[in-house]
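*Asks:* So that you have it, the file is target.txt, and it contains compact mmCIF, C-alpha atoms and all ligand atoms:
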# COMPACT_ATOMS: atom_id res chain seq x y z
CA MET A 1 -10.83 -14.07 13.63
CA SER A 2 -8.25 -13.55 10.86
CA ILE A 3 -4.70 -14.89 11.14
CA ILE A 4 -2.74 -14.19 7.95
CA LEU A 5 0.80 -15.26 7.08
CA ALA A 6 2.34 -12.74 4.64
CA ILE A 7 5.41 -13.41 2.51
CA GLU A 8 7.64 -10.86 0.75
CA SER A 9 10.44 -11.85 -1.66
CA SER A 10 10.39 -9.16 -4.38
CA CYS A 11 14.07 -8.17 -4.26
CA ASP A 12 16.84 -9.15 -1.85
CA ASP A 13 14.95 -9.43 1.45
CA THR A 14 13.16 -12.65 2.41
CA SER A 15 10.46 -11.69 4.89
CA ALA A 16 7.45 -13.26 6.63
CA ALA A 17 4.92 -11.70 8.99
CA ILE A 18 1.83 -12.70 10.95
CA ILE A 19 -1.12 -10.34 11.34
CA VAL A 20 -3.94 -11.18 13.75
CA ASP A 21 -7.18 -9.21 13.35
CA GLY A 22 -5.28 -6.28 11.82
CA THR A 23 -2.34 -6.23 14.27
CA VAL A 24 1.11 -7.29 13.07
CA ILE A 25 2.47 -9.59 15.79
CA SER A 26 5.62 -10.80 14.08
CA ASN A 27 7.72 -9.50 11.18
CA VAL A 28 10.93 -11.38 10.38
CA THR A 29 13.35 -10.41 7.59
CA ALA A 30 16.53 -12.09 6.31
CA THR A 31 18.56 -9.52 4.36
CA GLN A 32 20.94 -10.87 1.72
CA THR A 33 24.28 -9.20 2.39
CA ILE A 34 25.95 -11.27 -0.37
CA HIS A 35 25.08 -8.54 -2.93
CA GLU A 36 27.35 -5.96 -1.22
CA GLN A 37 30.41 -7.35 -2.99
CA TYR A 38 28.77 -6.95 -6.43
CA GLY A 39 27.67 -3.31 -5.96
CA GLY A 40 24.02 -4.20 -6.63
CA VAL A 41 21.49 -7.02 -6.44
CA VAL A 42 22.36 -10.02 -8.66
CA PRO A 43 18.93 -11.48 -9.61
CA GLU A 44 20.07 -15.12 -9.97
CA VAL A 45 21.83 -15.03 -6.59
CA ALA A 46 18.83 -13.33 -4.96
CA SER A 47 16.37 -16.04 -6.03
CA ARG A 48 18.69 -18.83 -4.84
CA LYS A 49 19.07 -17.10 -1.45
CA HIS A 50 15.27 -16.74 -1.16
CA GLN A 51 14.99 -20.51 -1.63
CA ILE A 52 17.43 -21.08 1.22
CA ASN A 53 15.86 -18.46 3.53
CA ILE A 54 12.15 -18.90 3.01
CA ILE A 55 11.44 -21.91 5.23
CA PRO A 56 13.48 -20.67 8.26
CA VAL A 57 12.01 -17.15 7.92
CA VAL A 58 8.41 -18.40 7.77
CA LYS A 59 9.10 -20.73 10.70
CA ALA A 60 10.57 -17.84 12.74
CA ALA A 61 7.54 -15.63 11.98
CA LEU A 62 5.16 -18.39 13.14
CA ASP A 63 7.26 -19.19 16.24
CA ASN A 64 7.60 -15.51 17.26
CA ALA A 65 3.83 -15.13 16.97
CA LYS A 66 3.26 -18.45 18.82
CA ILE A 67 0.95 -19.48 15.98
CA ASP A 68 0.74 -22.97 14.46
CA LYS A 69 0.32 -23.09 10.69
CA THR A 70 -3.00 -24.96 11.10
CA GLU A 71 -4.43 -21.82 12.79
CA LEU A 72 -3.84 -19.63 9.71
CA THR A 73 -6.91 -18.30 7.88
CA ALA A 74 -5.11 -17.00 4.73
CA ILE A 75 -1.71 -16.77 3.01
CA ALA A 76 -0.66 -13.45 1.43
CA VAL A 77 2.23 -12.89 -0.94
CA THR A 78 3.84 -10.13 -3.00
CA LYS A 79 2.81 -10.53 -6.67
CA GLY A 80 5.02 -7.67 -7.94
CA PRO A 81 6.62 -5.41 -8.92
CA GLY A 82 10.09 -6.84 -8.41
CA LEU A 83 12.63 -9.31 -9.75
CA LEU A 84 10.81 -12.20 -11.41
CA GLY A 85 13.13 -14.94 -10.09
CA SER A 86 12.76 -13.55 -6.56
CA LEU A 87 8.98 -13.15 -6.77
CA ILE A 88 8.54 -16.73 -8.06
CA VAL A 89 10.05 -18.18 -4.87
CA GLY A 90 7.56 -16.37 -2.59
CA VAL A 91 4.58 -16.94 -4.89
CA SER A 92 5.28 -20.68 -5.35
CA PHE A 93 5.77 -21.15 -1.62
CA ALA A 94 2.56 -19.25 -0.79
CA LYS A 95 0.53 -21.18 -3.38
CA SER A 96 1.74 -24.55 -2.03
CA LEU A 97 0.94 -23.58 1.55
CA SER A 98 -2.51 -22.24 0.70
CA LEU A 99 -3.27 -25.42 -1.28
CA SER A 100 -2.03 -27.80 1.40
CA LEU A 101 -3.81 -25.95 4.24
CA GLY A 102 -6.97 -25.36 2.17
CA ILE A 103 -7.06 -21.61 2.94
CA PRO A 104 -7.37 -18.56 0.64
CA LEU A 105 -4.44 -16.97 -1.17
CA ILE A 106 -4.16 -13.15 -1.33
CA ASP A 107 -1.86 -11.40 -3.81
CA VAL A 108 -0.43 -8.02 -2.84
CA ASN A 109 1.06 -5.17 -4.88
CA HIS A 110 4.44 -4.32 -3.28
CA MET A 111 4.15 -0.56 -3.93
CA LYS A 112 0.61 -0.37 -2.52
CA ALA A 113 1.89 -2.27 0.52
CA HIS A 114 4.67 0.30 1.09
CA ILE A 115 1.90 2.94 1.29
CA LEU A 116 -0.47 0.83 3.40
CA ALA A 117 2.38 0.35 5.91
CA HIS A 118 0.98 3.59 7.40
CA PHE A 119 -1.90 1.49 8.75
CA ALA A 120 0.39 -0.83 10.74
CA GLU A 121 0.51 1.55 13.71
CA GLU A 122 -1.04 4.77 15.04
CA PRO A 123 -1.30 7.53 13.92
CA LYS A 124 -3.06 6.37 10.75
CA PRO A 125 -3.95 8.82 7.96
CA SER A 126 -7.57 9.26 6.85
CA PHE A 127 -8.58 9.45 3.18
CA PRO A 128 -7.64 11.10 0.91
CA PHE A 129 -3.91 11.45 1.57
CA LEU A 130 -0.79 11.83 -0.55
CA CYS A 131 2.20 9.52 -0.31
CA LEU A 132 5.70 10.05 -1.63
CA THR A 133 6.87 6.48 -2.27
CA VAL A 134 10.64 6.38 -2.50
CA SER A 135 12.50 3.10 -2.85
CA GLY A 136 15.34 1.53 -4.78
CA GLY A 137 13.10 0.98 -7.79
CA HIS A 138 10.42 3.69 -7.53
CA THR A 139 9.84 7.36 -6.87
CA GLN A 140 6.16 8.24 -7.05
CA ILE A 141 3.66 10.71 -5.66
CA VAL A 142 0.45 8.76 -5.11
CA LYS A 143 -3.04 9.97 -4.20
CA ILE A 144 -4.86 7.44 -2.00
CA THR A 145 -8.64 7.75 -1.87
CA ALA A 146 -9.47 4.39 -0.24
CA PRO A 147 -7.32 1.49 1.09
CA LEU A 148 -7.01 -0.14 -2.31
CA GLU A 149 -7.79 2.87 -4.57
CA MET A 150 -4.65 4.72 -5.59
CA GLU A 151 -3.61 7.02 -8.43
CA ILE A 152 -0.04 7.93 -9.43
CA LEU A 153 0.25 11.73 -9.84
CA GLY A 154 3.97 11.80 -10.64
CA THR A 155 6.82 9.38 -11.15
CA THR A 156 10.50 9.34 -12.03
CA ILE A 157 11.37 9.49 -15.71
CA ASP A 158 14.75 7.78 -15.12
CA ASP A 159 16.40 6.72 -11.83
CA ALA A 160 14.60 6.25 -8.52
CA ALA A 161 15.62 8.26 -5.42
CA GLY A 162 17.11 5.12 -3.84
CA GLU A 163 19.18 4.56 -6.98
CA ALA A 164 20.41 8.16 -6.76
CA PHE A 165 21.72 7.35 -3.26
CA ASP A 166 23.10 3.95 -4.24
CA LYS A 167 24.76 5.05 -7.50
CA SER A 168 26.30 8.14 -5.87
CA GLY A 169 27.65 5.88 -3.13
CA LYS A 170 29.11 3.50 -5.69
CA ILE A 171 30.98 6.41 -7.34
CA MET A 172 32.51 7.16 -3.92
CA GLY A 173 33.38 3.51 -3.28
CA LEU A 174 30.67 2.88 -0.64
CA LYS A 175 29.10 -0.59 -0.28
CA TYR A 176 25.69 -1.43 -1.78
CA PRO A 177 23.12 -0.26 -0.77
CA ALA A 178 24.77 3.08 -0.02
CA GLY A 179 21.61 4.94 1.13
CA PRO A 180 21.89 4.11 4.85
CA GLU A 181 25.67 4.82 4.87
CA ILE A 182 25.26 8.19 3.11
CA ASP A 183 22.56 9.04 5.68
CA LYS A 184 24.93 8.20 8.56
CA LEU A 185 27.90 10.15 7.13
CA ALA A 186 25.69 13.11 6.11
CA GLN A 187 24.78 13.66 9.76
CA LYS A 188 28.45 14.48 10.47
CA GLY A 189 28.85 16.84 7.49
CA ASN A 190 27.57 20.08 5.95
CA ALA A 191 25.84 20.48 2.58
CA ILE A 192 28.45 22.83 1.13
CA TYR A 193 28.63 21.46 -2.45
CA LYS A 194 25.95 22.27 -5.02
CA PHE A 195 24.74 19.85 -7.69
CA ALA A 196 22.52 20.30 -10.77
CA GLU A 197 18.78 20.65 -10.18
CA PRO A 198 16.71 18.69 -12.74
CA LYS A 199 14.12 20.50 -14.83
CA VAL A 200 11.14 18.17 -15.07
CA ASP A 201 7.55 19.12 -15.83
CA GLY A 202 4.61 18.53 -13.54
CA LEU A 203 4.97 16.17 -10.62
CA ASN A 204 7.53 13.93 -12.31
CA PHE A 205 11.10 13.44 -11.08
CA SER A 206 14.51 12.92 -12.66
CA PHE A 207 17.67 11.81 -10.85
CA SER A 208 20.03 10.72 -13.62
CA GLY A 209 21.36 14.29 -14.15
CA LEU A 210 22.20 14.53 -10.46
CA LYS A 211 24.28 11.35 -10.63
CA THR A 212 26.18 12.72 -13.67
CA SER A 213 26.68 16.07 -11.95
CA ILE A 214 28.14 14.31 -8.88
CA LEU A 215 30.40 12.17 -11.10
CA TYR A 216 31.83 15.17 -13.00
CA PHE A 217 32.24 17.19 -9.79
CA LEU A 218 34.19 14.38 -8.11
CA LYS A 219 36.32 13.70 -11.19
CA ALA A 220 37.31 17.40 -11.36
CA GLN A 221 38.12 17.53 -7.63
CA LEU A 222 40.12 14.28 -7.75
CA LYS A 223 42.33 15.77 -10.49
CA GLU A 224 43.34 18.51 -8.03
CA ASP A 225 43.55 16.27 -4.97
CA SER A 226 43.51 12.47 -5.20
CA GLN A 227 42.39 12.28 -1.54
CA PHE A 228 39.42 14.64 -2.06
CA ILE A 229 36.71 12.00 -1.40
CA ASP A 230 38.37 10.59 1.73
CA LYS A 231 39.01 14.05 3.19
CA ASN A 232 35.52 15.42 2.49
CA LEU A 233 33.28 12.34 2.58
CA ASN A 234 30.90 13.65 5.26
CA ASP A 235 30.34 16.98 3.46
CA ILE A 236 29.91 15.26 0.07
CA CYS A 237 27.32 12.89 1.56
CA ALA A 238 25.51 15.78 3.27
CA SER A 239 25.43 17.68 -0.04
CA ILE A 240 24.09 14.69 -2.03
CA GLN A 241 21.44 13.98 0.58
CA TYR A 242 20.45 17.64 0.77
CA GLN A 243 19.91 17.82 -2.99
CA ILE A 244 17.90 14.57 -3.22
CA VAL A 245 15.69 15.59 -0.28
CA TYR A 246 15.26 19.12 -1.73
CA ILE A 247 14.02 17.68 -5.06
CA LEU A 248 11.58 15.30 -3.30
CA ILE A 249 10.10 17.90 -0.92
CA LYS A 250 9.74 20.53 -3.66
CA LYS A 251 7.50 18.22 -5.73
CA LEU A 252 5.57 17.16 -2.66
CA LYS A 253 4.77 20.82 -1.94
CA GLN A 254 3.60 21.24 -5.53
CA ALA A 255 1.39 18.12 -5.25
CA ALA A 256 -0.18 19.37 -2.01
CA LEU A 257 -0.94 22.74 -3.63
CA GLU A 258 -2.40 21.21 -6.80
CA THR A 259 -4.62 18.67 -5.01
CA GLY A 260 -5.51 20.72 -1.92
CA ILE A 261 -4.70 17.63 0.18
CA ASN A 262 -2.84 18.35 3.40
CA GLN A 263 -2.31 14.86 4.78
CA ILE A 264 1.13 13.99 3.50
CA SER A 265 3.07 10.78 4.02
CA ILE A 266 6.28 9.12 2.90
CA ALA A 267 6.96 5.40 2.37
CA GLY A 268 9.53 3.00 0.93
CA GLY A 269 13.18 2.35 1.78
CA VAL A 270 14.31 5.97 1.36
CA SER A 271 11.68 7.11 3.89
CA ALA A 272 14.11 5.71 6.48
CA ASN A 273 16.41 8.63 5.58
CA SER A 274 16.85 11.00 8.53
CA GLY A 275 17.20 14.09 6.30
CA LEU A 276 13.96 13.32 4.45
CA ARG A 277 12.09 12.59 7.69
CA LYS A 278 13.27 15.89 9.19
CA ALA A 279 12.50 17.87 6.02
CA LEU A 280 8.97 16.43 5.82
CA ILE A 281 8.23 17.43 9.41
CA GLU A 282 9.57 20.96 8.75
CA ALA A 283 7.57 21.30 5.50
CA GLY A 284 4.52 20.08 7.43
CA LYS A 285 4.93 22.83 10.03
CA GLU A 286 5.42 25.49 7.34
CA ASN A 287 2.47 24.41 5.20
CA GLY A 288 -0.05 23.23 7.79
CA TRP A 289 0.19 19.55 6.75
CA LYS A 290 -0.49 16.53 8.91
CA THR A 291 2.53 14.33 8.21
CA TYR A 292 2.90 10.55 8.48
CA ILE A 293 6.13 8.58 8.54
CA PRO A 294 6.13 4.79 9.08
CA ALA A 295 8.23 3.26 11.88
CA PHE A 296 11.68 2.14 10.63
CA GLN A 297 10.73 -1.55 10.53
CA TYR A 298 7.95 -0.74 8.01
CA CYS A 299 10.08 1.51 5.73
CA THR A 300 12.43 -0.90 3.94
CA ASP A 301 11.12 -4.13 2.40
CA ASN A 302 9.27 -6.23 4.98
CA ALA A 303 6.35 -8.66 5.07
CA GLY A 304 4.59 -6.65 7.81
CA MET A 305 3.45 -4.15 5.18
CA ILE A 306 2.31 -7.03 2.92
CA ALA A 307 0.28 -8.35 5.85
CA VAL A 308 -1.37 -4.96 6.47
CA ALA A 309 -2.32 -4.65 2.78
CA ALA A 310 -3.59 -8.26 2.76
CA GLU A 311 -5.85 -7.59 5.74
CA PHE A 312 -7.76 -4.99 3.66
CA SER A 313 -8.24 -7.55 0.84
CA TYR A 314 -9.23 -10.25 3.35
CA LYS A 315 -12.02 -8.07 4.73
CA GLU A 316 -13.32 -7.57 1.16
CA LYS A 317 -12.92 -11.33 0.43
CA ASP A 318 -10.73 -10.25 -2.48
CA PHE A 319 -8.88 -13.55 -2.92
CA SER A 320 -6.46 -14.76 -5.57
CA ASN A 321 -6.16 -18.27 -7.00
CA LEU A 322 -3.56 -20.83 -8.01
CA ASN A 323 -3.38 -19.44 -11.58
CA MET A 324 -1.87 -16.20 -10.23
CA VAL A 325 1.61 -15.50 -11.59
CA PRO A 326 4.13 -12.90 -10.41
CA GLU A 327 4.49 -9.71 -12.46
CA ALA A 328 7.85 -7.92 -12.50
CA ARG A 329 6.26 -4.66 -13.68
CA LEU A 330 2.96 -4.76 -11.79
CA LYS A 331 1.44 -1.24 -11.69
CA ILE A 332 -0.28 0.44 -8.74
O1 LIG B 401 11.92 -0.22 -0.33
P1 LIG B 401 13.27 -0.82 -0.35
O2 LIG B 401 13.75 -1.56 0.87
O3 LIG B 401 13.45 -1.80 -1.55
C1 LIG B 401 12.91 -1.55 -2.81
O4 LIG B 401 11.71 -1.89 -2.99
O5 LIG B 401 13.64 -0.96 -3.61
O6 LIG B 401 14.29 0.38 -0.69
C2 LIG B 401 15.66 0.15 -0.80
C3 LIG B 401 16.32 1.50 -1.05
C4 LIG B 401 17.81 1.39 -1.37
O7 LIG B 401 18.07 2.19 -2.52
C5 LIG B 401 18.48 1.97 -0.13
O8 LIG B 401 19.71 2.59 -0.38
C6 LIG B 401 17.45 2.99 0.31
O9 LIG B 401 16.20 2.35 0.11
N1 LIG B 401 17.58 3.34 1.74
C7 LIG B 401 17.99 4.56 2.15
C8 LIG B 401 18.04 4.52 3.57
N2 LIG B 401 17.66 3.26 3.97
C9 LIG B 401 17.39 2.56 2.83
N3 LIG B 401 18.30 5.66 1.44
C10 LIG B 401 18.68 6.75 2.14
N4 LIG B 401 18.77 6.79 3.50
C11 LIG B 401 18.45 5.71 4.24
N5 LIG B 401 18.53 5.77 5.58
ZN ZN B 402 10.21 -1.91 -1.61
Could I get this structure in the form of structure tokens?

*Replies:*
Amino acid sequence: MSIILAIESSCDDTSAAIIVDGTVISNVTATQTIHEQYGGVVPEVASRKHQINIIPVVKAALDNAKIDKTELTAIAVTKGPGLLGSLIVGVSFAKSLSLSLGIPLIDVNHMKAHILAHFAEEPKPSFPFLCLTVSGGHTQIVKITAPLEMEILGTTIDDAAGEAFDKSGKIMGLKYPAGPEIDKLAQKGNAIYKFAEPKVDGLNFSFSGLKTSILYFLKAQLKEDSQFIDKNLNDICASIQYQIVYILIKKLKQAALETGINQISIAGGVSANSGLRKALIEAGKENGWKTYIPAFQYCTDNAGMIAVAAEFSYKEKDFSNLNMVPEARLKI
């Protein structure tokens, strides 16, 4: 029997989960709302908050699962990518616990875990499949040939899709992270404004031009009418979301054509976006794809996905050791 405690602390969410024989039975996350006032995550503040949150979050995950720490068979933790000061809190905690309980330590790649979140619940994709991984720090199209064998086919050359949402929201005075708020407002509006479409080769992405295009558009409109944003917020949000989703789905179609793979999934924080979820299902119907979207609780940062990824390593006895150090720029 395997009972793994997984810990995630790569950015501004402190999370712990318990997985028993491949089934996630608890997944507890403390989100740090303190960053809202700064318009982005402040690394120093994030690591201090992780230190405060980590013991109560781990305790809640164990209590919810009705598991005592002496029953654990392994400790898993996010090694990277992420903010170094944040990662260190989770990694140090996991190392101490694995040492004191005398059980193996498993290190997990955060981006691989976002993809492997598809194996938390049915329906699960079979191999090979493609995954569009869209978060606050990454935008990648990944080909997955086995649970731990992945290849990046395309990536952003500047901003990530989540940043495109968050930075656009900041321009309009929305709180950080603006992605969920834009999603909510977009559902009440119409995509009537057009923004620049990036010209990027292959399966790569670019979002910095879009942000500039939105900034210039809003500046010009505000000159005419200082209330323009307030009066048209829903339509502006719908237009921004439409353009981001259009860019993402277009490249996904290209990737499916080039690889001949028709099992297509999305993962990462932005996969919680209702417009993207709808557009993927529609593209799936049009192109004969089987599409996979994780449940909401496995989209944004959470330790449940770390636990699912760790279970694959546990089965392979692919363990880490106490010399392991976090890596801010860990690659897939
Ligand atoms: O994966 P994640 O929780 O953290 C990172 O690893 O970055 O992703 C966070 C990102 C943020 O940029 C946030 O604005 C975006 O995901 N996000 C959304 C939605 N929910 C979260 N973006 C658009 N629509 C949403 N519903
Ligand atoms: Zn993430």

*Asks:* Neighbours of ligand LIG 401 (chain B) at 7 Å or closer, counting only C-alpha atoms and all ligand atoms: which residues, as a ChimeraX atom specification?

*Replies:* /A:11,135-138,162-163,165-166,177-180,182-183,268-274,299-301

*Asks:* Contacts of stretch 233-246 of chain A at 7 Å or less, counting all atoms listed in the file, minus same-chain residues fewer than 3 places along, as an mmCIF file with C-alpha atoms, in the coordinates of the input?

*Replies:*
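selection30.cif written:
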data_model
loop_
_atom_site.group_PDB
_atom_site.id
_atom_site.type_symbol
_atom_site.label_atom_id
_atom_site.label_comp_id
_atom_site.auth_asym_id
_atom_site.auth_seq_id
_atom_site.Cartn_x
_atom_site.Cartn_y
_atom_site.Cartn_z
ATOM 1 C CA ILE A 182 25.260 8.190 3.110
ATOM 2 C CA LEU A 185 27.900 10.150 7.130
ATOM 3 C CA ALA A 186 25.690 13.110 6.110
ATOM 4 C CA GLN A 187 24.780 13.660 9.760
ATOM 5 C CA LYS A 188 28.450 14.480 10.470
ATOM 6 C CA GLY A 189 28.850 16.840 7.490
ATOM 7 C CA ASN A 190 27.570 20.080 5.950
ATOM 8 C CA ALA A 191 25.840 20.480 2.580
ATOM 9 C CA ILE A 192 28.450 22.830 1.130
ATOM 10 C CA TYR A 193 28.630 21.460 -2.450
ATOM 11 C CA LYS A 194 25.950 22.270 -5.020
ATOM 12 C CA ILE A 229 36.710 12.000 -1.400
ATOM 13 C CA ASP A 230 38.370 10.590 1.730
ATOM 14 C CA ILE A 249 10.100 17.900 -0.920
ATOM 15 C CA LYS A 250 9.740 20.530 -3.660
ATOM 16 C CA GLY A 275 17.200 14.090 6.300
ATOM 17 C CA LEU A 276 13.960 13.320 4.450
#

*Asks:* Rank A:Pro147, A:Gly173, A:Gln297, A:Gly154 by their smallest atom-to-atom distance to A:Phe119, using only C-alpha atoms, and report the top residue only.

*Replies:* A:Pro147

*Asks:* Just checking: using all atoms listed in the file, which residue out of A:Thr29, A:Ser10, A:Asn64, A:Asn204 ends up closest to A:Pro81?

*Replies:*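 Ranked by minimum distance to A:Pro81, first place goes to A:Ser10.
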
*Asks:* Between A:Leu62, A:Val91, A:Val134, A:Leu218, which is the closest to ligand ZN 402 (chain B) once you count all atoms listed in the file?

*Replies:*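 Closest to ligand ZN 402 (chain B), using all atoms listed in the file: A:Val134.
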